[in-house]
file model.cif (mmCIF, C-alpha atoms)
data_query
loop_
_atom_site.group_PDB
_atom_site.id
_atom_site.type_symbol
_atom_site.label_atom_id
_atom_site.label_comp_id
_atom_site.auth_asym_id
_atom_site.auth_seq_id
_atom_site.Cartn_x
_atom_site.Cartn_y
_atom_site.Cartn_z
ATOM 1 C CA MET C 1 39.306 295.104 169.336
ATOM 2 C CA MET C 2 42.771 296.277 168.318
ATOM 3 C CA LEU C 3 46.058 294.750 169.492
ATOM 4 C CA ALA C 4 49.315 296.542 168.701
ATOM 5 C CA SER C 5 53.042 295.954 168.899
ATOM 6 C CA ALA C 6 55.970 297.816 167.409
ATOM 7 C CA GLY C 7 55.575 296.103 164.045
ATOM 8 C CA LEU C 8 52.080 294.603 163.924
ATOM 9 C CA ARG C 9 48.414 295.402 164.287
ATOM 10 C CA ALA C 10 45.766 292.730 164.827
ATOM 11 C CA ARG C 11 42.002 293.247 164.879
ATOM 12 C CA ILE C 12 40.020 290.649 166.813
ATOM 13 C CA ALA C 13 36.273 290.004 166.720
ATOM 14 C CA PRO C 14 35.351 287.911 169.798
ATOM 15 C CA GLU C 15 31.680 287.902 168.807
ATOM 16 C CA TRP C 16 32.476 286.525 165.343
ATOM 17 C CA GLY C 17 33.925 283.141 166.217
ATOM 18 C CA GLY C 18 36.881 284.643 168.067
ATOM 19 C CA GLY C 19 38.354 285.346 164.641
ATOM 20 C CA LEU C 20 40.764 287.896 163.258
ATOM 21 C CA LEU C 21 39.478 290.743 161.129
ATOM 22 C CA GLY C 22 43.003 291.470 160.004
ATOM 23 C CA LEU C 23 46.713 291.046 160.698
ATOM 24 C CA ASP C 24 48.902 293.816 159.288
ATOM 25 C CA ALA C 25 52.585 294.679 159.319
ATOM 26 C CA VAL C 26 53.618 298.270 159.953
ATOM 27 C CA VAL C 27 55.821 299.175 156.978
ATOM 28 C CA ASP C 28 57.017 302.779 156.629
ATOM 29 C CA GLY C 29 54.194 303.996 158.811
ATOM 30 C CA ARG C 30 51.463 302.223 156.868
ATOM 31 C CA LEU C 31 49.600 298.940 157.237
ATOM 32 C CA THR C 32 50.361 296.073 154.851
ATOM 33 C CA PRO C 33 48.137 292.958 155.124
ATOM 34 C CA LEU C 34 49.766 289.697 156.200
ATOM 35 C CA MET C 35 46.393 287.965 156.229
ATOM 36 C CA ARG C 36 43.555 288.777 153.878
ATOM 37 C CA ALA C 37 41.922 291.984 155.070
ATOM 38 C CA SER C 38 38.300 291.555 156.049
ATOM 39 C CA ALA C 39 35.851 294.118 154.707
ATOM 40 C CA PHE C 40 34.743 294.551 158.312
ATOM 41 C CA ALA C 41 38.144 295.922 159.399
ATOM 42 C CA ALA C 42 39.277 298.376 156.726
ATOM 43 C CA SER C 43 41.420 301.307 157.858
ATOM 44 C CA PRO C 44 41.124 304.599 155.931
ATOM 45 C CA ALA C 45 43.892 304.843 153.322
ATOM 46 C CA GLY C 46 45.872 302.169 155.124
ATOM 47 C CA VAL C 47 46.960 304.643 157.822
ATOM 48 C CA VAL C 48 48.242 303.038 161.019
ATOM 49 C CA PRO C 49 45.682 303.648 163.788
ATOM 50 C CA ASP C 50 46.786 304.741 167.226
ATOM 51 C CA PRO C 51 47.393 301.683 169.457
ATOM 52 C CA ASP C 52 44.765 302.604 172.048
ATOM 53 C CA PRO C 53 43.725 300.044 174.690
ATOM 54 C CA PRO C 54 41.246 297.527 173.283
ATOM 55 C CA ASP C 55 37.566 298.471 173.371
ATOM 56 C CA LEU C 56 35.746 295.666 175.135
ATOM 57 C CA ASN C 57 32.314 296.925 174.070
ATOM 58 C CA GLN C 58 31.830 295.061 170.825
ATOM 59 C CA PRO C 59 29.599 296.642 168.142
ATOM 60 C CA ASP C 60 26.144 295.220 167.521
ATOM 61 C CA LEU C 61 26.659 294.306 163.865
ATOM 62 C CA ASN C 62 25.149 291.618 161.688
ATOM 63 C CA GLN C 63 26.977 288.325 161.912
ATOM 64 C CA PRO C 64 29.263 287.949 158.866
ATOM 65 C CA ASP C 65 30.161 284.720 157.163
ATOM 66 C CA PRO C 66 33.316 283.563 159.006
ATOM 67 C CA ASN C 67 34.831 282.833 155.603
ATOM 68 C CA GLN C 68 34.959 286.596 155.045
ATOM 69 C CA LEU C 69 37.328 287.021 157.991
ATOM 70 C CA ALA C 70 41.130 286.924 158.020
ATOM 71 C CA CYS C 71 41.402 283.871 160.289
ATOM 72 C CA TYR C 72 39.307 281.811 162.702
ATOM 73 C CA PRO C 73 39.906 278.896 165.101
ATOM 74 C CA LEU C 74 39.051 275.295 164.278
ATOM 75 C CA LEU C 75 37.601 273.248 167.132
ATOM 76 C CA PRO C 76 36.689 270.706 168.337
ATOM 77 C CA TRP C 77 37.702 269.392 164.902
ATOM 78 C CA SER C 78 38.561 270.825 161.508
ATOM 79 C CA ASN C 79 37.257 270.563 157.970
ATOM 80 C CA ARG C 80 34.500 268.091 157.132
ATOM 81 C CA ILE C 81 33.119 264.911 158.697
ATOM 82 C CA SER C 82 31.030 262.698 156.435
ATOM 83 C CA ASP C 83 28.094 260.370 157.078
ATOM 84 C CA GLY C 84 26.418 262.699 159.571
ATOM 85 C CA GLY C 85 28.666 261.497 162.375
ATOM 86 C CA PHE C 86 30.810 258.556 163.416
ATOM 87 C CA GLU C 87 31.280 255.653 165.803
ATOM 88 C CA PHE C 88 33.587 256.032 168.801
ATOM 89 C CA ASP C 89 34.054 253.704 171.780
ATOM 90 C CA GLY C 90 31.068 251.680 170.675
ATOM 91 C CA ARG C 91 28.606 254.550 170.449
ATOM 92 C CA ARG C 92 27.237 256.714 167.671
ATOM 93 C CA ILE C 93 28.164 260.412 167.674
ATOM 94 C CA ASP C 94 25.715 262.381 165.504
ATOM 95 C CA LEU C 95 26.921 265.610 163.892
ATOM 96 C CA PRO C 96 24.214 267.817 162.355
ATOM 97 C CA ARG C 97 25.044 270.016 159.377
ATOM 98 C CA ASN C 98 26.017 273.557 160.368
ATOM 99 C CA ARG C 99 26.000 275.345 156.979
ATOM 100 C CA ASP C 100 23.327 275.388 154.301
ATOM 101 C CA ASP C 101 25.936 275.303 151.520
ATOM 102 C CA GLU C 102 27.754 272.228 152.877
ATOM 103 C CA PRO C 103 26.507 268.628 152.673
ATOM 104 C CA TRP C 104 28.508 267.699 155.822
ATOM 105 C CA PRO C 105 29.212 269.347 159.163
ATOM 106 C CA ILE C 106 32.332 271.499 158.850
ATOM 107 C CA HIS C 107 34.990 272.973 161.164
ATOM 108 C CA GLY C 108 33.255 272.083 164.428
ATOM 109 C CA SER C 109 31.389 274.811 166.269
ATOM 110 C CA GLY C 110 33.888 277.324 167.705
ATOM 111 C CA TRP C 111 34.005 279.389 164.519
ATOM 112 C CA GLN C 112 30.236 279.982 164.724
ATOM 113 C CA ARG C 113 30.088 281.101 168.347
ATOM 114 C CA ALA C 114 30.467 284.390 170.198
ATOM 115 C CA TRP C 115 33.514 284.211 172.479
ATOM 116 C CA ARG C 116 33.919 286.117 175.738
ATOM 117 C CA VAL C 117 36.811 288.467 176.480
ATOM 118 C CA ALA C 118 38.407 287.194 179.703
ATOM 119 C CA TYR C 119 41.436 289.501 179.596
ATOM 120 C CA ALA C 120 42.731 292.245 177.335
ATOM 121 C CA ALA C 121 45.747 294.522 177.170
ATOM 122 C CA ALA C 122 47.335 296.635 174.451
ATOM 123 C CA ASP C 123 49.182 293.651 172.943
ATOM 124 C CA GLU C 124 47.306 290.602 174.251
ATOM 125 C CA ALA C 125 43.800 289.190 174.601
ATOM 126 C CA LEU C 126 42.382 286.005 176.073
ATOM 127 C CA LEU C 127 39.038 284.767 174.765
ATOM 128 C CA THR C 128 36.979 281.956 176.265
ATOM 129 C CA LEU C 129 34.092 279.835 175.071
ATOM 130 C CA ASP C 130 31.869 277.416 176.972
ATOM 131 C CA GLU C 131 30.082 275.090 174.565
ATOM 132 C CA THR C 132 27.531 273.377 176.792
ATOM 133 C CA ASP C 133 24.186 273.313 174.974
ATOM 134 C CA ALA C 134 24.158 270.265 172.724
ATOM 135 C CA SER C 135 20.891 271.351 171.149
ATOM 136 C CA GLU C 136 22.580 274.462 169.692
ATOM 137 C CA SER C 137 26.193 273.363 169.404
ATOM 138 C CA GLY C 138 26.226 272.083 165.834
ATOM 139 C CA ALA C 139 28.570 269.456 167.243
ATOM 140 C CA SER C 140 26.058 267.176 168.990
ATOM 141 C CA GLU C 141 27.647 265.514 172.006
ATOM 142 C CA TYR C 142 30.711 267.759 172.015
ATOM 143 C CA ARG C 143 30.743 269.901 175.131
ATOM 144 C CA TYR C 144 33.910 271.812 175.829
ATOM 145 C CA ARG C 145 35.562 274.854 177.363
ATOM 146 C CA ALA C 146 38.053 276.616 175.095
ATOM 147 C CA ASN C 147 40.668 279.328 175.505
ATOM 148 C CA LEU C 148 42.063 281.372 172.627
ATOM 149 C CA ARG C 149 44.988 283.669 173.404
ATOM 150 C CA TYR C 150 46.336 286.222 170.936
ATOM 151 C CA ARG C 151 49.622 287.912 171.809
ATOM 152 C CA LEU C 152 51.768 290.298 169.765
ATOM 153 C CA ARG C 153 55.528 290.336 170.274
ATOM 154 C CA GLU C 154 57.366 292.921 168.152
ATOM 155 C CA ARG C 155 56.733 291.461 164.653
ATOM 156 C CA ALA C 156 55.160 288.150 165.698
ATOM 157 C CA LEU C 157 51.614 287.046 166.455
ATOM 158 C CA GLU C 158 51.432 284.146 168.904
ATOM 159 C CA VAL C 159 48.212 282.149 169.087
ATOM 160 C CA ALA C 160 47.459 279.507 171.731
ATOM 161 C CA LEU C 161 44.283 277.461 171.326
ATOM 162 C CA SER C 162 43.194 274.973 173.992
ATOM 163 C CA VAL C 163 40.130 272.889 174.720
ATOM 164 C CA VAL C 164 38.887 270.930 177.756
ATOM 165 C CA ASN C 165 36.289 268.187 177.401
ATOM 166 C CA ILE C 166 33.486 269.072 179.821
ATOM 167 C CA GLY C 167 31.149 266.408 178.468
ATOM 168 C CA PRO C 168 30.284 263.115 180.173
ATOM 169 C CA ALA C 169 32.318 260.797 177.918
ATOM 170 C CA SER C 170 35.593 260.537 176.040
ATOM 171 C CA LEU C 171 35.602 261.974 172.508
ATOM 172 C CA PRO C 172 38.207 262.594 169.781
ATOM 173 C CA PHE C 173 39.246 266.256 169.565
ATOM 174 C CA GLY C 174 41.345 268.158 167.055
ATOM 175 C CA LEU C 175 42.510 271.767 166.739
ATOM 176 C CA GLY C 176 43.778 274.151 164.090
ATOM 177 C CA LEU C 177 43.573 277.601 162.552
ATOM 178 C CA HIS C 178 42.014 278.727 159.270
ATOM 179 C CA PRO C 179 43.935 281.781 157.971
ATOM 180 C CA PHE C 180 43.328 283.442 154.604
ATOM 181 C CA PHE C 181 46.443 284.936 152.987
ATOM 182 C CA PRO C 182 46.761 287.494 150.165
ATOM 183 C CA ARG C 183 47.755 286.026 146.807
ATOM 184 C CA ASP C 184 49.163 287.556 143.649
ATOM 185 C CA ALA C 185 50.966 286.088 140.635
ATOM 186 C CA GLU C 186 54.297 285.996 142.471
ATOM 187 C CA THR C 187 53.235 284.666 145.871
ATOM 188 C CA ARG C 188 55.492 281.842 146.999
ATOM 189 C CA LEU C 189 55.046 279.139 149.628
ATOM 190 C CA ARG C 190 57.532 276.910 151.400
ATOM 191 C CA ALA C 191 56.023 274.061 153.453
ATOM 192 C CA PRO C 192 57.871 270.723 153.263
ATOM 193 C CA ALA C 193 55.659 267.673 153.803
ATOM 194 C CA ASP C 194 55.901 263.923 153.223
ATOM 195 C CA ARG C 195 52.513 262.813 151.854
ATOM 196 C CA VAL C 196 49.113 264.078 150.782
ATOM 197 C CA TRP C 197 45.581 262.756 151.034
ATOM 198 C CA LEU C 198 44.144 262.714 147.516
ATOM 199 C CA ASN C 199 40.419 263.005 146.833
ATOM 200 C CA ASP C 200 38.121 262.255 143.919
ATOM 201 C CA GLY C 201 38.195 265.826 142.609
ATOM 202 C CA ARG C 202 34.536 266.405 143.432
ATOM 203 C CA THR C 203 34.799 266.735 147.218
ATOM 204 C CA PRO C 204 37.724 267.353 149.600
ATOM 205 C CA LEU C 205 37.046 264.101 151.454
ATOM 206 C CA PRO C 206 40.233 261.983 151.343
ATOM 207 C CA THR C 207 40.309 258.750 149.397
ATOM 208 C CA GLU C 208 43.989 257.800 149.026
ATOM 209 C CA LEU C 209 47.214 258.560 150.891
ATOM 210 C CA ALA C 210 49.908 259.165 148.280
ATOM 211 C CA ALA C 211 53.260 260.704 147.474
ATOM 212 C CA ILE C 212 52.996 264.429 146.834
ATOM 213 C CA PRO C 213 52.850 265.298 143.101
ATOM 214 C CA GLU C 214 55.845 267.350 142.025
ATOM 215 C CA HIS C 215 53.841 270.508 141.274
ATOM 216 C CA TRP C 216 52.383 270.383 144.808
ATOM 217 C CA ARG C 217 55.724 269.995 146.542
ATOM 218 C CA PHE C 218 56.864 272.986 148.569
ATOM 219 C CA ASP C 219 60.203 271.742 149.894
ATOM 220 C CA ASP C 220 61.586 275.066 148.657
ATOM 221 C CA ALA C 221 59.765 278.347 148.107
ATOM 222 C CA ARG C 222 57.770 278.079 144.902
ATOM 223 C CA LEU C 223 54.792 279.640 143.188
ATOM 224 C CA LEU C 224 51.370 278.410 144.170
ATOM 225 C CA PRO C 225 49.818 275.960 141.687
ATOM 226 C CA VAL C 226 47.439 277.283 139.053
ATOM 227 C CA ASP C 227 44.982 274.439 139.661
ATOM 228 C CA CYS C 228 42.710 274.218 142.673
ATOM 229 C CA VAL C 229 44.334 272.353 145.544
ATOM 230 C CA ASP C 230 41.999 271.427 148.407
ATOM 231 C CA HIS C 231 43.935 268.712 150.204
ATOM 232 C CA GLY C 232 45.409 267.690 153.524
ATOM 233 C CA PHE C 233 49.189 267.234 153.766
ATOM 234 C CA LEU C 234 51.015 265.347 156.522
ATOM 235 C CA GLY C 235 54.564 264.802 157.659
ATOM 236 C CA TRP C 236 54.967 268.560 157.970
ATOM 237 C CA SER C 237 57.723 269.961 160.177
ATOM 238 C CA GLY C 238 55.442 272.673 161.553
ATOM 239 C CA GLN C 239 57.444 275.380 159.792
ATOM 240 C CA ALA C 240 56.445 277.227 156.644
ATOM 241 C CA SER C 241 57.033 280.551 154.934
ATOM 242 C CA ILE C 242 55.075 282.775 152.567
ATOM 243 C CA ARG C 243 56.764 285.421 150.434
ATOM 244 C CA TRP C 244 55.236 288.318 148.493
ATOM 245 C CA PRO C 245 58.147 289.637 146.366
ATOM 246 C CA ARG C 246 56.096 292.478 144.893
ATOM 247 C CA ARG C 247 55.500 293.842 148.367
ATOM 248 C CA ARG C 248 58.959 292.931 149.684
ATOM 249 C CA LEU C 249 57.269 291.214 152.571
ATOM 250 C CA GLY C 250 57.045 287.722 153.994
ATOM 251 C CA LEU C 251 55.574 285.670 156.805
ATOM 252 C CA ASP C 252 57.187 282.795 158.676
ATOM 253 C CA ILE C 253 54.874 280.248 160.300
ATOM 254 C CA ASP C 254 55.802 278.002 163.207
ATOM 255 C CA SER C 255 53.446 275.537 164.879
ATOM 256 C CA ASP C 256 53.432 272.405 167.022
ATOM 257 C CA VAL C 257 51.157 270.520 164.602
ATOM 258 C CA ASP C 258 52.347 268.219 161.826
ATOM 259 C CA ARG C 259 49.678 268.670 159.151
ATOM 260 C CA PHE C 260 48.176 271.391 157.020
ATOM 261 C CA VAL C 261 45.315 271.877 154.584
ATOM 262 C CA LEU C 262 46.144 273.873 151.458
ATOM 263 C CA TYR C 263 43.319 275.532 149.521
ATOM 264 C CA THR C 264 44.111 277.474 146.337
ATOM 265 C CA PRO C 265 40.849 278.470 144.592
ATOM 266 C CA VAL C 266 41.393 279.242 140.905
ATOM 267 C CA GLY C 267 41.358 282.942 140.084
ATOM 268 C CA ALA C 268 41.049 284.099 143.703
ATOM 269 C CA ASP C 269 43.165 286.825 145.313
ATOM 270 C CA PHE C 270 43.672 284.687 148.434
ATOM 271 C CA PHE C 271 44.701 281.197 149.445
ATOM 272 C CA CYS C 272 44.388 279.231 152.679
ATOM 273 C CA PHE C 273 47.205 277.514 154.530
ATOM 274 C CA GLU C 274 45.594 275.870 157.551
ATOM 275 C CA PRO C 275 47.845 274.336 160.234
ATOM 276 C CA VAL C 276 45.899 271.470 161.833
ATOM 277 C CA ASP C 277 46.665 268.410 163.940
ATOM 278 C CA HIS C 278 44.497 265.839 162.166
ATOM 279 C CA ALA C 279 43.338 264.669 158.752
ATOM 280 C CA ILE C 280 40.152 265.682 156.979
ATOM 281 C CA ASP C 281 37.387 263.232 157.970
ATOM 282 C CA ALA C 282 39.883 261.503 160.286
ATOM 283 C CA VAL C 283 37.096 259.634 162.087
ATOM 284 C CA HIS C 284 36.310 257.640 158.912
ATOM 285 C CA LEU C 285 39.810 256.877 157.690
ATOM 286 C CA PRO C 286 41.324 253.389 158.132
ATOM 287 C CA GLY C 287 42.366 252.981 161.758
ATOM 288 C CA GLY C 288 40.048 255.702 162.998
ATOM 289 C CA ALA C 289 40.403 259.200 164.409
ATOM 290 C CA LEU C 290 43.312 258.580 166.763
ATOM 291 C CA ALA C 291 45.421 257.015 164.012
ATOM 292 C CA HIS C 292 45.073 260.226 162.009
ATOM 293 C CA GLY C 293 46.014 262.882 164.523
ATOM 294 C CA MET C 294 42.969 263.392 166.729
ATOM 295 C CA THR C 295 43.308 263.118 170.500
ATOM 296 C CA ALA C 296 40.898 261.225 172.759
ATOM 297 C CA LEU C 297 40.011 263.495 175.668
ATOM 298 C CA ALA C 298 38.385 261.946 178.718
ATOM 299 C CA PRO C 299 36.089 264.214 180.742
ATOM 300 C CA GLY C 300 38.253 266.970 182.214
ATOM 301 C CA ALA C 301 41.226 266.333 179.892
ATOM 302 C CA ARG C 302 42.843 269.198 177.969
ATOM 303 C CA LEU C 303 44.471 269.657 174.550
ATOM 304 C CA GLN C 304 46.472 272.708 173.438
ATOM 305 C CA ARG C 305 48.143 273.789 170.183
ATOM 306 C CA ARG C 306 50.371 276.792 169.477
ATOM 307 C CA PHE C 307 50.934 278.865 166.339
ATOM 308 C CA ARG C 308 53.309 281.737 165.578
ATOM 309 C CA PHE C 309 53.254 284.119 162.597
ATOM 310 C CA THR C 310 56.328 286.336 162.153
ATOM 311 C CA ALA C 311 56.543 289.173 159.632
ATOM 312 C CA VAL C 312 59.810 289.454 157.703
ATOM 313 C CA GLU C 313 61.049 292.008 155.182
#

call {"tool": "encode", "arguments": {"input": "model.cif", "output": "structure tokens"}}
result
Amino acid sequence: MMLASAGLRARIAPEWGGGLLGLDAVVDGRLTPLMRASAFAASPAGVVPDPDPPDLNQPDLNQPDPNQLACYPLLPWSNRISDGGFEFDGRRIDLPRNRDDEPWPIHGSGWQRAWRVAYAAADEALLTLDETDASESGASEYRYRANLRYRLRERALEVALSVVNIGPASLPFGLGLHPFFPRDAETRLRAPADRVWLNDGRTPLPTELAAIPEHWRFDDARLLPVDCVDHGFLGWSGQASIRWPRRRLGLDIDSDVDRFVLYTPVGADFFCFEPVDHAIDAVHLPGGALAHGMTALAPGARLQRRFRFTAVE
């Protein structure tokens, strides 16, 4: 499914976790990636395709690994939860593993589901997901109804992600996005934050809340670190910027969440800047899930987060 505006093109794959196959800026009549281009969405020679109305008949293709996409939603929680589950309101919530290569459940279940197209236009699409079968959810007792709206406005992509608890009991929920951005030797990031959750260097599970080391501080635009960062930052203003000087292109990010996860794998041509509303493994941190950004939703209650990505030259 293609969405188009005057300055952007976005390819959406409802059947692949509601994710993005690509987000590109139109520069001099050609497409330039703002998010890492998925191999499933390549355009011949980078030529800008005609902005035809979206095709609602999705192709019957093999399910890709969501981590090969350009971006996908995180719900009903993000990142990893240890110990196979957690205690909440005096009851045990079991969370089965949902990836063979991960020792813990990761990123909830929305990224591994086929979403339904509820509405589509040339520059906007609304996707929905009803997660009702606990036996297949990969999130145990989590039952929810989610909406994911993508909307292009000139040179901005607006994303609204919401979830309603349709289960029988209150549970902690959290939302976010998992974009993959192109990286070269001159890529710069600005994302002021106050603190960072450190880990033991073997897993991304947080162990200590600390001041941000100088070489991980992004109060001003600076080069990405050469070491592998895989940490959650908090005290974020919700505003960040990425600049690619070689391409004379940039991206401004604006969100209503106050945390992000930064992942910079060594030697890779991408990095991840994930705006989220809660800490990694929040349910096991001192004080519990609600003290670390998650929201308790009673049956029928709703949570929504917004994200905006604006291309700049």

call {"tool": "resolve_selection", "arguments": {"input": "model.cif", "expression": "the PyMOL selection byres ((chain C and resi 234) around 10)", "output": "JSON, numbers by chain"}}
result
{"C": [192, 193, 194, 195, 196, 197, 209, 212, 232, 233, 235, 236, 237, 238, 257, 258, 259, 260, 261, 276, 277, 278, 279, 292, 293]}

call {"tool": "closest_residue", "arguments": {"input": "model.cif", "among": "C:Asp254, C:Glu102, C:Asp200, C:Glu313", "to": "Asp28 (chain C)", "atoms": "all atoms listed in the file"}}
result
C:Glu313

call {"tool": "resolve_selection", "arguments": {"input": "model.cif", "expression": "the PyMOL selection byres ((chain C and resi 144-146) around 9)", "output": "NGL selection string"}}
result
:C and (75-76 or 110 or 127-132 or 142-143 or 147-148 or 161-167)

call {"tool": "closest_residue", "arguments": {"input": "model.cif", "among": "C:Arg155, C:Arg183, C:Arg306, C:Arg217", "to": "Asp269 (chain C)", "atoms": "only C-alpha atoms"}}
result
C:Arg183

call {"tool": "resolve_selection", "arguments": {"input": "model.cif", "expression": "the PyMOL selection byres ((chain C and resi 295) around 12)", "output": "ChimeraX atom specification"}}
result
/C:76-77,163-165,170-175,277-279,282-283,288-294,296-298,301-305

call {"tool": "closest_residue", "arguments": {"input": "model.cif", "among": "C:His284, C:Arg113, C:Arg80, C:Arg243", "to": "Leu224 (chain C)", "atoms": "only C-alpha atoms"}}
result
C:Arg243

call {"tool": "residues_near_point", "arguments": {"input": "model.cif", "point": "(57.0, 278.0, 147.0)", "cutoff": "8 Å", "atoms": "all atoms listed in the file", "output": "ChimeraX atom specification"}}
result
/C:187-191,218-224,242

call {"tool": "atom_distance", "arguments": {"input": "model.cif", "atom1": "CA of Asp94 (chain C)", "atom2": "CA of His107 (chain C)"}}
result
14.7 Å

call {"tool": "residues_around", "arguments": {"input": "model.cif", "residues": "Pro206 (chain C)", "least_positions_apart": "4", "cutoff": "7 Å", "atoms": "all atoms listed in the file", "output": "list in words"}}
result
Trp197, Leu198, Asn199 and Ile280 of chain C

call {"tool": "closest_residue", "arguments": {"input": "model.cif", "among": "C:Asp123, C:Glu141, C:Asp101, C:Glu87", "to": "Glu154 (chain C)", "atoms": "all atoms listed in the file"}}
result
C:Asp123

call {"tool": "residues_around", "arguments": {"input": "model.cif", "residues": "Thr32 (chain C)", "least_positions_apart": "5", "cutoff": "9 Å", "atoms": "only C-alpha atoms", "output": "MDAnalysis selection string"}}
result
chainID C and resid 23:27 46 247 249

call {"tool": "residues_near_point", "arguments": {"input": "model.cif", "point": "(36.1, 281.8, 169.5)", "cutoff": "6 Å", "atoms": "all atoms listed in the file", "output": "PyMOL selection string"}}
result
chain C and resi 17-18+110-111+115

call {"tool": "build_atoms", "arguments": {"input": "model.cif", "residues": "region 274-289 of chain C", "atoms": "N, CA, C and O atoms", "output": "PDB file, in the coordinates of the input"}}
result
ATOM      1  N   GLU C 274      46.220 276.121 156.264  1.00  0.00           N
ATOM      2  CA  GLU C 274      45.594 275.870 157.551  1.00  0.00           C
ATOM      3  C   GLU C 274      46.409 274.848 158.357  1.00  0.00           C
ATOM      4  O   GLU C 274      46.382 273.657 158.049  1.00  0.00           O
ATOM      5  N   PRO C 275      47.137 275.292 159.372  1.00  0.00           N
ATOM      6  CA  PRO C 275      47.845 274.336 160.234  1.00  0.00           C
ATOM      7  C   PRO C 275      46.854 273.609 161.139  1.00  0.00           C
ATOM      8  O   PRO C 275      46.082 274.247 161.869  1.00  0.00           O
ATOM      9  N   VAL C 276      46.847 272.294 161.075  1.00  0.00           N
ATOM     10  CA  VAL C 276      45.899 271.470 161.833  1.00  0.00           C
ATOM     11  C   VAL C 276      46.634 270.258 162.388  1.00  0.00           C
ATOM     12  O   VAL C 276      47.737 269.912 161.943  1.00  0.00           O
ATOM     13  N   ASP C 277      45.999 269.568 163.339  1.00  0.00           N
ATOM     14  CA  ASP C 277      46.665 268.410 163.940  1.00  0.00           C
ATOM     15  C   ASP C 277      46.057 267.080 163.519  1.00  0.00           C
ATOM     16  O   ASP C 277      46.445 266.035 164.042  1.00  0.00           O
ATOM     17  N   HIS C 278      45.118 267.097 162.573  1.00  0.00           N
ATOM     18  CA  HIS C 278      44.497 265.839 162.166  1.00  0.00           C
ATOM     19  C   HIS C 278      44.035 265.921 160.720  1.00  0.00           C
ATOM     20  O   HIS C 278      43.938 267.005 160.133  1.00  0.00           O
ATOM     21  N   ALA C 279      43.737 264.772 160.158  1.00  0.00           N
ATOM     22  CA  ALA C 279      43.338 264.669 158.752  1.00  0.00           C
ATOM     23  C   ALA C 279      41.885 265.073 158.564  1.00  0.00           C
ATOM     24  O   ALA C 279      41.065 264.999 159.492  1.00  0.00           O
ATOM     25  N   ILE C 280      41.549 265.473 157.350  1.00  0.00           N
ATOM     26  CA  ILE C 280      40.152 265.682 156.979  1.00  0.00           C
ATOM     27  C   ILE C 280      39.396 264.360 157.133  1.00  0.00           C
ATOM     28  O   ILE C 280      39.854 263.309 156.698  1.00  0.00           O
ATOM     29  N   ASP C 281      38.231 264.420 157.782  1.00  0.00           N
ATOM     30  CA  ASP C 281      37.387 263.232 157.970  1.00  0.00           C
ATOM     31  C   ASP C 281      38.153 262.102 158.663  1.00  0.00           C
ATOM     32  O   ASP C 281      37.955 260.918 158.364  1.00  0.00           O
ATOM     33  N   ALA C 282      39.020 262.481 159.603  1.00  0.00           N
ATOM     34  CA  ALA C 282      39.883 261.503 160.286  1.00  0.00           C
ATOM     35  C   ALA C 282      39.086 260.359 160.902  1.00  0.00           C
ATOM     36  O   ALA C 282      39.555 259.215 160.945  1.00  0.00           O
ATOM     37  N   VAL C 283      37.880 260.651 161.378  1.00  0.00           N
ATOM     38  CA  VAL C 283      37.096 259.634 162.087  1.00  0.00           C
ATOM     39  C   VAL C 283      36.672 258.489 161.188  1.00  0.00           C
ATOM     40  O   VAL C 283      36.310 257.414 161.673  1.00  0.00           O
ATOM     41  N   HIS C 284      36.732 258.687 159.838  1.00  0.00           N
ATOM     42  CA  HIS C 284      36.310 257.640 158.912  1.00  0.00           C
ATOM     43  C   HIS C 284      37.460 257.016 158.137  1.00  0.00           C
ATOM     44  O   HIS C 284      37.221 256.126 157.309  1.00  0.00           O
ATOM     45  N   LEU C 285      38.668 257.461 158.391  1.00  0.00           N
ATOM     46  CA  LEU C 285      39.810 256.877 157.690  1.00  0.00           C
ATOM     47  C   LEU C 285      40.213 255.548 158.324  1.00  0.00           C
ATOM     48  O   LEU C 285      39.901 255.302 159.500  1.00  0.00           O
ATOM     49  N   PRO C 286      40.912 254.683 157.572  1.00  0.00           N
ATOM     50  CA  PRO C 286      41.324 253.389 158.132  1.00  0.00           C
ATOM     51  C   PRO C 286      42.111 253.559 159.421  1.00  0.00           C
ATOM     52  O   PRO C 286      43.048 254.347 159.492  1.00  0.00           O
ATOM     53  N   GLY C 287      41.701 252.866 160.461  1.00  0.00           N
ATOM     54  CA  GLY C 287      42.366 252.981 161.758  1.00  0.00           C
ATOM     55  C   GLY C 287      41.673 253.947 162.699  1.00  0.00           C
ATOM     56  O   GLY C 287      41.919 253.935 163.904  1.00  0.00           O
ATOM     57  N   GLY C 288      40.834 254.821 162.153  1.00  0.00           N
ATOM     58  CA  GLY C 288      40.048 255.702 162.998  1.00  0.00           C
ATOM     59  C   GLY C 288      40.718 257.015 163.344  1.00  0.00           C
ATOM     60  O   GLY C 288      41.848 257.313 162.946  1.00  0.00           O
ATOM     61  N   ALA C 289      40.007 257.816 164.115  1.00  0.00           N
ATOM     62  CA  ALA C 289      40.403 259.200 164.409  1.00  0.00           C
ATOM     63  C   ALA C 289      41.770 259.313 165.044  1.00  0.00           C
ATOM     64  O   ALA C 289      42.586 260.168 164.674  1.00  0.00           O
TER      65      ALA C 289
END
